[in-house]
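The structure file structure.txt is reproduced below (compact mmCIF, C-alpha atoms and all ligand atoms).
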# COMPACT_ATOMS: atom_id res chain seq x y z
CA MET A 134 97.69 127.24 115.88
CA LYS A 135 94.63 126.78 118.11
CA THR A 136 92.80 123.83 116.53
CA TYR A 137 89.52 122.19 117.51
CA ILE A 138 88.85 118.62 116.42
CA PHE A 139 85.07 118.25 116.35
CA ASP A 140 84.66 114.54 115.65
CA PRO A 141 86.58 111.51 116.93
CA ILE A 142 89.73 110.79 114.93
CA SER A 143 92.23 107.93 115.23
CA ASN A 144 94.59 107.94 118.20
CA GLU A 145 97.56 108.15 115.84
CA ALA A 146 96.14 111.20 114.05
CA LEU A 147 95.22 112.83 117.37
CA ALA A 148 98.77 112.37 118.68
CA TYR A 149 100.08 113.81 115.40
CA ALA A 150 97.73 116.82 115.71
CA GLN A 151 98.78 117.43 119.30
CA SER A 152 102.48 117.30 118.42
CA HIS A 153 102.16 119.72 115.47
CA LEU A 154 99.36 122.06 116.58
CA ASP A 155 97.76 123.46 119.72
CA ALA A 156 94.97 120.93 119.25
CA VAL A 157 91.98 120.20 121.45
CA CYS A 158 89.74 117.22 120.77
CA SER A 159 85.97 117.06 120.79
CA ASP A 160 85.46 115.68 124.30
CA SER A 161 87.35 118.54 125.97
CA PRO A 162 85.22 121.07 127.95
CA GLU A 163 87.32 123.82 126.35
CA ILE A 164 85.72 123.10 122.99
CA ASP A 165 82.70 125.25 123.85
CA ASN A 166 84.82 128.40 123.70
CA TYR A 167 85.00 129.19 120.01
CA ALA A 168 86.40 132.72 120.27
CA GLU A 169 90.09 131.80 120.01
CA VAL A 170 89.93 128.93 117.54
CA GLU A 171 91.95 129.39 114.32
CA ALA A 172 91.58 125.95 112.70
CA VAL A 173 89.04 123.11 112.87
CA ILE A 174 89.10 119.48 111.80
CA VAL A 175 85.66 118.05 110.99
CA ARG A 176 84.34 114.70 109.81
CA THR A 177 80.54 115.04 109.95
CA PHE A 178 80.26 118.10 112.23
CA LYS A 179 78.25 120.77 110.38
CA MET A 180 80.14 123.99 109.72
CA THR A 181 77.13 126.26 109.27
CA PRO A 182 77.25 130.06 108.95
CA ALA A 183 75.99 130.26 112.56
CA ILE A 184 78.95 128.18 113.83
CA ILE A 185 81.46 129.96 111.59
CA ASP A 186 80.25 133.32 112.89
CA GLN A 187 81.18 132.23 116.42
CA MET A 188 84.81 131.79 115.32
CA PRO A 189 86.12 135.25 114.41
CA LYS A 190 89.75 134.02 114.22
CA LEU A 191 89.02 130.96 112.06
CA LYS A 192 91.47 130.59 109.13
CA ILE A 193 90.94 127.01 107.94
CA ILE A 194 88.34 124.23 107.99
CA ALA A 195 90.13 120.93 107.34
CA LYS A 196 87.79 118.12 106.33
CA HIS A 197 88.82 114.66 107.51
CA GLY A 198 87.67 112.81 104.37
CA VAL A 199 86.45 113.76 100.92
CA GLY A 200 82.77 114.85 100.88
CA VAL A 201 82.40 118.46 102.04
CA ASP A 202 78.61 118.68 102.09
CA ASN A 203 78.72 119.37 105.86
CA ILE A 204 80.65 122.60 105.25
CA ASP A 205 79.11 125.82 103.91
CA ILE A 206 82.02 126.46 101.55
CA PRO A 207 80.68 129.64 99.90
CA TYR A 208 80.09 131.19 103.31
CA ALA A 209 83.51 130.13 104.60
CA LYS A 210 85.18 131.54 101.49
CA SER A 211 83.27 134.80 101.82
CA LYS A 212 84.96 135.13 105.23
CA GLY A 213 88.41 134.35 103.79
CA ILE A 214 88.50 130.91 105.44
CA ARG A 215 90.30 128.10 103.57
CA VAL A 216 88.50 124.78 103.22
CA THR A 217 90.53 121.63 102.58
CA ASN A 218 89.90 117.89 102.31
CA THR A 219 91.90 114.66 101.94
CA PRO A 220 90.86 113.32 98.52
CA ASP A 221 93.40 110.51 98.16
CA ALA A 222 93.27 109.15 101.70
CA ASN A 223 90.49 106.58 101.38
CA MET A 224 90.47 105.40 97.76
CA ASN A 225 92.48 102.27 98.49
CA SER A 226 90.17 101.20 101.31
CA VAL A 227 87.06 101.72 99.19
CA ALA A 228 88.64 99.88 96.26
CA GLU A 229 89.54 96.95 98.51
CA LEU A 230 85.95 96.78 99.81
CA ALA A 231 84.67 96.66 96.22
CA ILE A 232 87.04 93.76 95.52
CA GLY A 233 85.93 92.05 98.73
CA PHE A 234 82.34 92.42 97.55
CA ALA A 235 83.25 90.86 94.20
CA PHE A 236 84.72 87.80 95.90
CA SER A 237 81.95 87.54 98.46
CA CYS A 238 79.29 87.59 95.75
CA VAL A 239 80.87 85.27 93.18
CA ARG A 240 81.85 82.70 95.83
CA ARG A 241 78.64 83.19 97.86
CA ILE A 242 80.72 83.68 101.00
CA THR A 243 78.07 85.29 103.19
CA GLN A 244 75.43 82.80 101.99
CA SER A 245 77.82 79.99 102.85
CA GLN A 246 78.33 81.44 106.31
CA PHE A 247 74.57 81.58 106.90
CA ALA A 248 74.19 78.02 105.60
CA VAL A 249 76.86 76.78 108.01
CA LEU A 250 75.37 78.71 110.94
CA ASN A 251 71.95 77.22 110.19
CA GLY A 252 73.40 73.69 110.09
CA ILE A 253 74.50 71.96 106.92
CA GLU A 254 74.02 68.30 105.97
CA LYS A 255 76.61 67.86 103.23
CA ASN A 256 79.64 69.64 101.85
CA SER A 257 79.80 71.68 98.65
CA PRO A 258 76.06 71.95 97.95
CA MET A 259 75.23 73.06 94.42
CA TYR A 260 73.28 76.08 95.62
CA LEU A 261 76.53 77.49 97.05
CA SER A 262 78.45 76.97 93.82
CA GLY A 263 80.06 80.13 92.46
CA TYR A 264 82.41 81.52 89.83
CA GLU A 265 86.07 82.45 89.53
CA LEU A 266 87.06 86.04 88.90
CA SER A 267 90.13 85.11 86.89
CA GLY A 268 89.86 85.99 83.23
CA LYS A 269 86.39 87.51 83.57
CA THR A 270 85.35 91.03 82.51
CA LEU A 271 85.19 93.88 85.01
CA GLY A 272 82.88 96.72 83.99
CA LEU A 273 83.77 99.99 85.69
CA ILE A 274 81.18 102.75 85.82
CA GLY A 275 83.31 105.82 86.61
CA LEU A 276 87.04 105.95 86.05
CA GLY A 277 88.16 108.18 88.92
CA LYS A 278 90.54 107.38 91.74
CA ILE A 279 88.52 104.46 93.11
CA GLY A 280 87.53 103.03 89.73
CA ILE A 281 91.15 103.01 88.52
CA SER A 282 92.32 101.40 91.75
CA VAL A 283 89.69 98.62 91.52
CA GLY A 284 90.51 98.05 87.84
CA GLU A 285 94.27 97.96 88.25
CA LYS A 286 94.16 95.56 91.17
CA LEU A 287 91.78 93.11 89.47
CA ARG A 288 93.61 93.41 86.13
CA ASP A 289 96.97 92.67 87.73
CA ALA A 290 95.92 90.01 90.23
CA PHE A 291 93.30 88.11 88.23
CA SER A 292 93.97 89.00 84.60
CA MET A 293 90.53 90.50 84.38
CA LYS A 294 89.66 92.37 81.22
CA VAL A 295 88.59 95.89 82.23
CA ILE A 296 85.95 97.85 80.34
CA VAL A 297 84.95 101.39 81.31
CA TYR A 298 81.92 103.62 80.99
CA ASP A 299 82.86 107.20 81.86
CA PRO A 300 81.98 109.98 79.42
CA PHE A 301 84.76 112.14 80.91
CA ALA A 302 87.55 109.55 80.46
CA THR A 303 89.43 109.65 77.16
CA THR A 304 90.04 106.57 75.03
CA GLU A 305 93.79 107.37 75.18
CA HIS A 306 93.77 107.39 78.96
CA CYS A 307 91.84 104.10 79.11
CA ASN A 308 94.19 102.48 76.60
CA SER A 309 97.26 103.74 78.46
CA ILE A 310 96.25 101.74 81.55
CA GLY A 311 95.14 98.70 79.60
CA PHE A 312 91.39 99.33 79.92
CA THR A 313 88.84 99.54 77.09
CA LYS A 314 86.48 102.49 76.88
CA ILE A 315 82.83 101.66 76.13
CA GLU A 316 80.72 104.47 74.71
CA ASN A 317 77.39 103.60 76.28
CA LEU A 318 76.17 102.25 79.57
CA ASP A 319 73.90 99.61 78.00
CA GLU A 320 76.85 97.94 76.30
CA LEU A 321 78.89 97.93 79.51
CA CYS A 322 75.97 96.41 81.41
CA SER A 323 75.58 93.62 78.86
CA LYS A 324 79.31 92.76 78.79
CA GLY A 325 80.45 92.99 82.41
CA ASP A 326 80.73 89.97 84.70
CA ILE A 327 81.46 92.22 87.67
CA ILE A 328 80.04 95.75 87.40
CA SER A 329 81.45 98.21 89.92
CA ILE A 330 80.15 101.76 90.33
CA SER A 331 82.45 104.62 91.40
CA VAL A 332 80.75 107.87 90.38
CA PRO A 333 79.54 110.91 92.34
CA LEU A 334 75.82 111.32 92.95
CA THR A 335 74.59 113.92 90.45
CA GLU A 336 71.40 114.56 88.50
CA LYS A 337 72.90 112.38 85.74
CA THR A 338 73.95 109.48 87.97
CA LYS A 339 70.83 109.37 90.16
CA ASN A 340 68.92 106.20 89.24
CA MET A 341 71.62 105.33 86.70
CA ILE A 342 70.92 101.64 87.30
CA THR A 343 67.23 100.79 86.97
CA SER A 344 65.30 97.75 85.76
CA HIS A 345 66.38 98.60 82.19
CA GLU A 346 70.13 98.32 82.91
CA LEU A 347 69.58 95.32 85.19
CA SER A 348 67.67 93.55 82.40
CA LEU A 349 70.72 93.89 80.13
CA MET A 350 73.09 92.26 82.62
CA LYS A 351 74.12 88.61 82.39
CA GLU A 352 72.37 86.17 84.73
CA THR A 353 75.84 85.54 86.14
CA ALA A 354 76.64 89.24 86.68
CA VAL A 355 77.41 90.84 90.03
CA LEU A 356 76.62 94.52 90.72
CA ILE A 357 78.66 96.52 93.24
CA ASN A 358 78.08 100.07 94.44
CA THR A 359 80.51 101.69 96.88
CA SER A 360 79.87 105.27 95.74
CA ARG A 361 76.56 106.85 96.82
CA GLY A 362 73.03 105.72 97.57
CA GLY A 363 70.43 106.52 94.90
CA ILE A 364 72.66 105.65 91.93
CA VAL A 365 71.20 102.14 91.95
CA ASN A 366 67.41 102.07 92.12
CA GLU A 367 66.86 99.90 95.19
CA ASP A 368 63.32 98.79 94.28
CA ASP A 369 64.44 97.64 90.83
CA LEU A 370 67.46 95.85 92.28
CA TYR A 371 65.21 94.03 94.72
CA VAL A 372 63.03 92.72 91.88
CA ALA A 373 66.09 91.64 89.86
CA LEU A 374 67.67 89.80 92.80
CA LYS A 375 64.44 88.10 93.92
CA ASN A 376 63.96 86.79 90.36
CA ASN A 377 67.63 85.81 90.01
CA LYS A 378 67.99 88.09 86.98
CA ILE A 379 71.57 88.68 88.11
CA PHE A 380 73.82 86.51 90.28
CA GLY A 381 74.25 88.91 93.14
CA ALA A 382 74.78 92.46 94.33
CA ALA A 383 76.56 94.27 97.12
CA LEU A 384 75.93 97.84 98.26
CA ASP A 385 77.85 99.92 100.79
CA VAL A 386 75.63 102.95 100.26
CA PHE A 387 71.88 103.48 100.37
CA VAL A 388 69.24 106.12 99.77
CA GLN A 389 68.59 106.18 103.52
CA GLU A 390 71.50 105.54 105.81
CA PRO A 391 72.15 103.71 107.95
CA ILE A 392 70.20 100.95 106.20
CA GLN A 393 67.39 99.67 108.46
CA LYS A 394 67.02 95.96 109.19
CA ASP A 395 63.56 95.79 107.58
CA HIS A 396 64.88 96.97 104.19
CA PRO A 397 63.43 94.62 101.51
CA LEU A 398 66.87 94.05 99.94
CA LEU A 399 67.98 92.31 103.12
CA THR A 400 65.52 89.50 102.39
CA CYS A 401 67.48 88.62 99.22
CA GLU A 402 69.95 85.79 99.82
CA ASN A 403 72.09 86.97 96.91
CA PHE A 404 72.56 90.43 98.41
CA ILE A 405 75.26 91.86 100.70
CA ALA A 406 74.97 95.15 102.62
CA THR A 407 77.57 97.08 104.58
CA PRO A 408 76.87 100.34 106.45
CA HIS A 409 78.85 102.92 104.42
CA ASN A 410 82.00 101.18 105.52
CA GLY A 411 84.16 101.82 102.45
CA ALA A 412 86.66 104.14 104.08
CA ASN A 413 86.37 102.62 107.54
CA THR A 414 89.83 101.13 107.93
CA ALA A 415 92.52 102.03 110.45
CA ASP A 416 94.80 102.82 107.50
CA ALA A 417 92.41 105.29 105.85
CA LEU A 418 91.45 106.88 109.18
CA ILE A 419 95.12 107.61 109.92
CA ARG A 420 95.70 108.98 106.40
CA MET A 421 92.59 111.21 106.63
CA GLY A 422 93.48 112.51 110.10
CA VAL A 423 97.15 113.11 109.36
CA GLY A 424 96.25 114.61 105.98
CA ALA A 425 93.85 117.10 107.60
CA VAL A 426 96.52 118.10 110.16
CA ASP A 427 99.12 118.53 107.41
CA GLU A 428 96.88 120.99 105.56
CA ILE A 429 96.60 123.14 108.72
CA VAL A 430 100.36 122.92 109.29
CA ARG A 431 100.95 124.11 105.70
CA LEU A 432 98.77 127.16 106.28
CA LYS A 433 100.45 127.80 109.63
CA ASN A 434 103.84 127.75 107.88
CA GLY A 435 102.68 130.22 105.24
CA GLU A 436 102.40 127.53 102.54
CA ASP A 437 99.40 126.83 100.33
CA PRO A 438 97.31 123.79 101.38
CA LEU A 439 97.42 121.02 98.77
CA SER A 440 93.69 120.49 98.28
CA LYS A 441 91.91 122.91 96.00
CA LEU A 442 88.28 123.49 96.95
P1 LIG G 1 86.56 110.70 91.46
O1 LIG G 1 86.05 112.09 91.45
O2 LIG G 1 88.03 110.47 91.44
O3 LIG G 1 85.93 109.89 90.22
C1 LIG G 1 84.59 109.95 89.86
C2 LIG G 1 84.51 109.52 88.40
O4 LIG G 1 83.13 109.47 88.02
C3 LIG G 1 85.20 110.51 87.44
O5 LIG G 1 86.13 109.83 86.64
C4 LIG G 1 84.06 111.06 86.61
O6 LIG G 1 84.44 111.33 85.28
C5 LIG G 1 83.06 109.91 86.67
N1 LIG G 1 81.71 110.31 86.35
C6 LIG G 1 81.06 111.44 86.69
N2 LIG G 1 79.83 111.43 86.17
C7 LIG G 1 79.69 110.28 85.48
C8 LIG G 1 78.64 109.71 84.72
N3 LIG G 1 77.47 110.34 84.55
N4 LIG G 1 78.85 108.50 84.15
C9 LIG G 1 80.01 107.85 84.30
N5 LIG G 1 81.07 108.35 84.99
C10 LIG G 1 80.88 109.56 85.58
O7 LIG G 1 85.88 110.01 92.72
P2 LIG G 1 86.40 108.71 93.51
O8 LIG G 1 87.37 109.13 94.54
O9 LIG G 1 86.73 107.64 92.55
O10 LIG G 1 85.06 108.34 94.31
C11 LIG G 1 83.89 107.91 93.63
C12 LIG G 1 82.72 108.05 94.55
O11 LIG G 1 82.90 107.18 95.67
C13 LIG G 1 82.59 109.46 95.12
O12 LIG G 1 81.49 110.10 94.56
C14 LIG G 1 82.39 109.29 96.59
O13 LIG G 1 81.20 109.90 97.02
C15 LIG G 1 82.29 107.81 96.80
N6 LIG G 1 83.01 107.41 98.01
C16 LIG G 1 82.44 106.49 98.82
C17 LIG G 1 83.09 106.08 99.98
C18 LIG G 1 82.50 105.04 100.89
O14 LIG G 1 82.79 105.06 102.08
N7 LIG G 1 81.72 104.11 100.37
C19 LIG G 1 84.33 106.65 100.32
C20 LIG G 1 84.91 107.54 99.43
C21 LIG G 1 84.23 107.94 98.28
What does this structure look like when you write it as structure tokens?
Ligand code: NAD
Amino acid sequence: MKTYIFDPISNEALAYAQSHLDAVCSDSPEIDNYAEVEAVIVRTFKMTPAIIDQMPKLKIIAKHGVGVDNIDIPYAKSKGIRVTNTPDANMNSVAELAIGFAFSCVRRITQSQFAVLNGIEKNSPMYLSGYELSGKTLGLIGLGKIGISVGEKLRDAFSMKVIVYDPFATTEHCNSIGFTKIENLDELCSKGDIISISVPLTEKTKNMITSHELSLMKETAVLINTSRGGIVNEDDLYVALKNNKIFGAALDVFVQEPIQKDHPLLTCENFIATPHNGANTADALIRMGVGAVDEIVRLKNGEDPLSKL
């Protein structure tokens, strides 16, 4: 099946695509000729109606990743084109980043690095003193794939108690995995030592964490957001961190991305930023690339793709 790969994918996934499909990658001159293409793999490339209209033989748009906001799905469907994604491919990588954030914040790892780079006069200064994770309470906002993965890993490895705020998660489900459902966000904010956010950005989750929720958190609490920018109000977080109202925070996602170096949050010593790096591991990139190819191969073989969009 003639397949165009519009964005760079891992070498392993590219080799897999080329061995299973008639695949051409994005730096090939041939990629300008859309007339014969039957399948595409996209990461951020925009599949607009204008592009889709140039591909009369297109049967499938396979997203390398989860978010499909770069694909006009209604238009694709109106043309009988299948749209797929790879929803499970990156949850482990994102969960591991959230856990890395938790450690980095409670042990002040990046602050320690800066202190060492700037020259340090004595070991173990009090201002770099931190906390253990073991036995503490993890507050999960959102109990989807990533939230569960973060919770299970920290529960099993560090005996953390896990509490959950997710109106769509049942008490039975939470109990079955050893977590405790909390009915309101305020209570979760006041009880969590580490608070990790894994929800989609919606009208309800936009500005979910403002000065009100931050004021309820313990002075020793750490806030982590690996989901989407805009869920945590960045201005309010800045005020809370500057005044040491919470111990620390780490964000992988921002209202404007990539985060610019003059962002006020970057002046807070108790703050860690990464540039939407949650799924950026070799492991996840291979799983996303191979997963996208497999969906095309299924369609080619007359099977139904696994992802339902
Ligand atoms: P998921 O769909 O499996 O889970 C989302 C959870 O959020 C669901 O359990 C849902 O019930 C819950 N939820 C929805 N609205 C809520 C609300 N108002 N309050 C509380 N809970 C609510 O998604 P996932 O795979 O766990 O991913 C979570 C988010 O992480 C996604 O929205 C995605 O955009 C983001 N993400 C980020 C990266 C990254 O690189 N940083 C990578 C992958 C995904």
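For the pair atom CA of Leu356 of chain A and atom CA of Ala383 of chain A, the interatomic distance is 6.4 Å.
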Exercise for the section: Identify which of the residues A:Val423, A:Val227, A:Leu432, A:Val388 lies closest to ligand LIG 1 (chain G), counting all atoms listed in the file when measuring atom-to-atom distances. Expected result: A:Val227
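Checking A:Leu370, A:Ala231, A:Val199, A:Met421 one by one against Lys441 of chain A, counting only C-alpha atoms, you find the shortest gap at A:Val199.
For the choices A:Ile253, A:Ile193, A:Leu230, A:Leu276, the atom-to-atom distance to ligand LIG 1 (chain G) is smallest for A:Leu276 when using all atoms listed in the file.
Residues with any atom within 12 Å of Thr270 of chain A, counting only C-alpha atoms and excluding same-chain neighbours fewer than 5 positions away, are Ala235, Glu265, Gly284, Leu287, Arg288, Phe291, Ser292, Met293, Lys294, Val295, Ile296, Val297, Phe312, Thr313, Leu321, Cys322, Ser323, Lys324, Gly325, Asp326, Ile327, Ile328, Ser329, Lys351, Thr353, Ala354 and Val355 of chain A.
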Exercise for the section: May I have the residues within 7 Å of ligand LIG 1 (chain G), computed using only C-alpha atoms and all ligand atoms, as JSON, numbers by chain? Expected result: {"A": [199, 200, 220, 223, 224, 227, 274, 275, 276, 277, 278, 279, 280, 298, 299, 300, 301, 302, 331, 332, 333, 334, 337, 338, 359, 360, 361, 385, 386, 409, 410, 411, 412, 413]}
Practice task
Take atom CA of Val157 of chain A and atom CA of Tyr208 of chain A and report the distance between them in Å, one decimal.
Solution key: 24.3 Å
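By chain and then residue number, the residues within 12 Å of Lys212 of chain A are Pro182, Ile185, Asp186, Met188, Pro189, Lys190, Leu191, Lys192, Ile193, Ile194, Asp205, Ile206, Pro207, Tyr208, Ala209, Arg215 and Val216 of chain A, counting all atoms listed in the file and disregarding those fewer than 3 positions away in sequence.
The closest residue to Glu336 of chain A, picked from A:Gly363, A:Leu349, A:Pro391, A:Asp368 and counting all atoms listed in the file, is A:Gly363.
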Handout entry: Closest of A:Glu390, A:Asp437, A:Glu367, A:Glu229 to Lys286 of chain A - atom-to-atom distances counting only C-alpha atoms
Key = A:Glu229
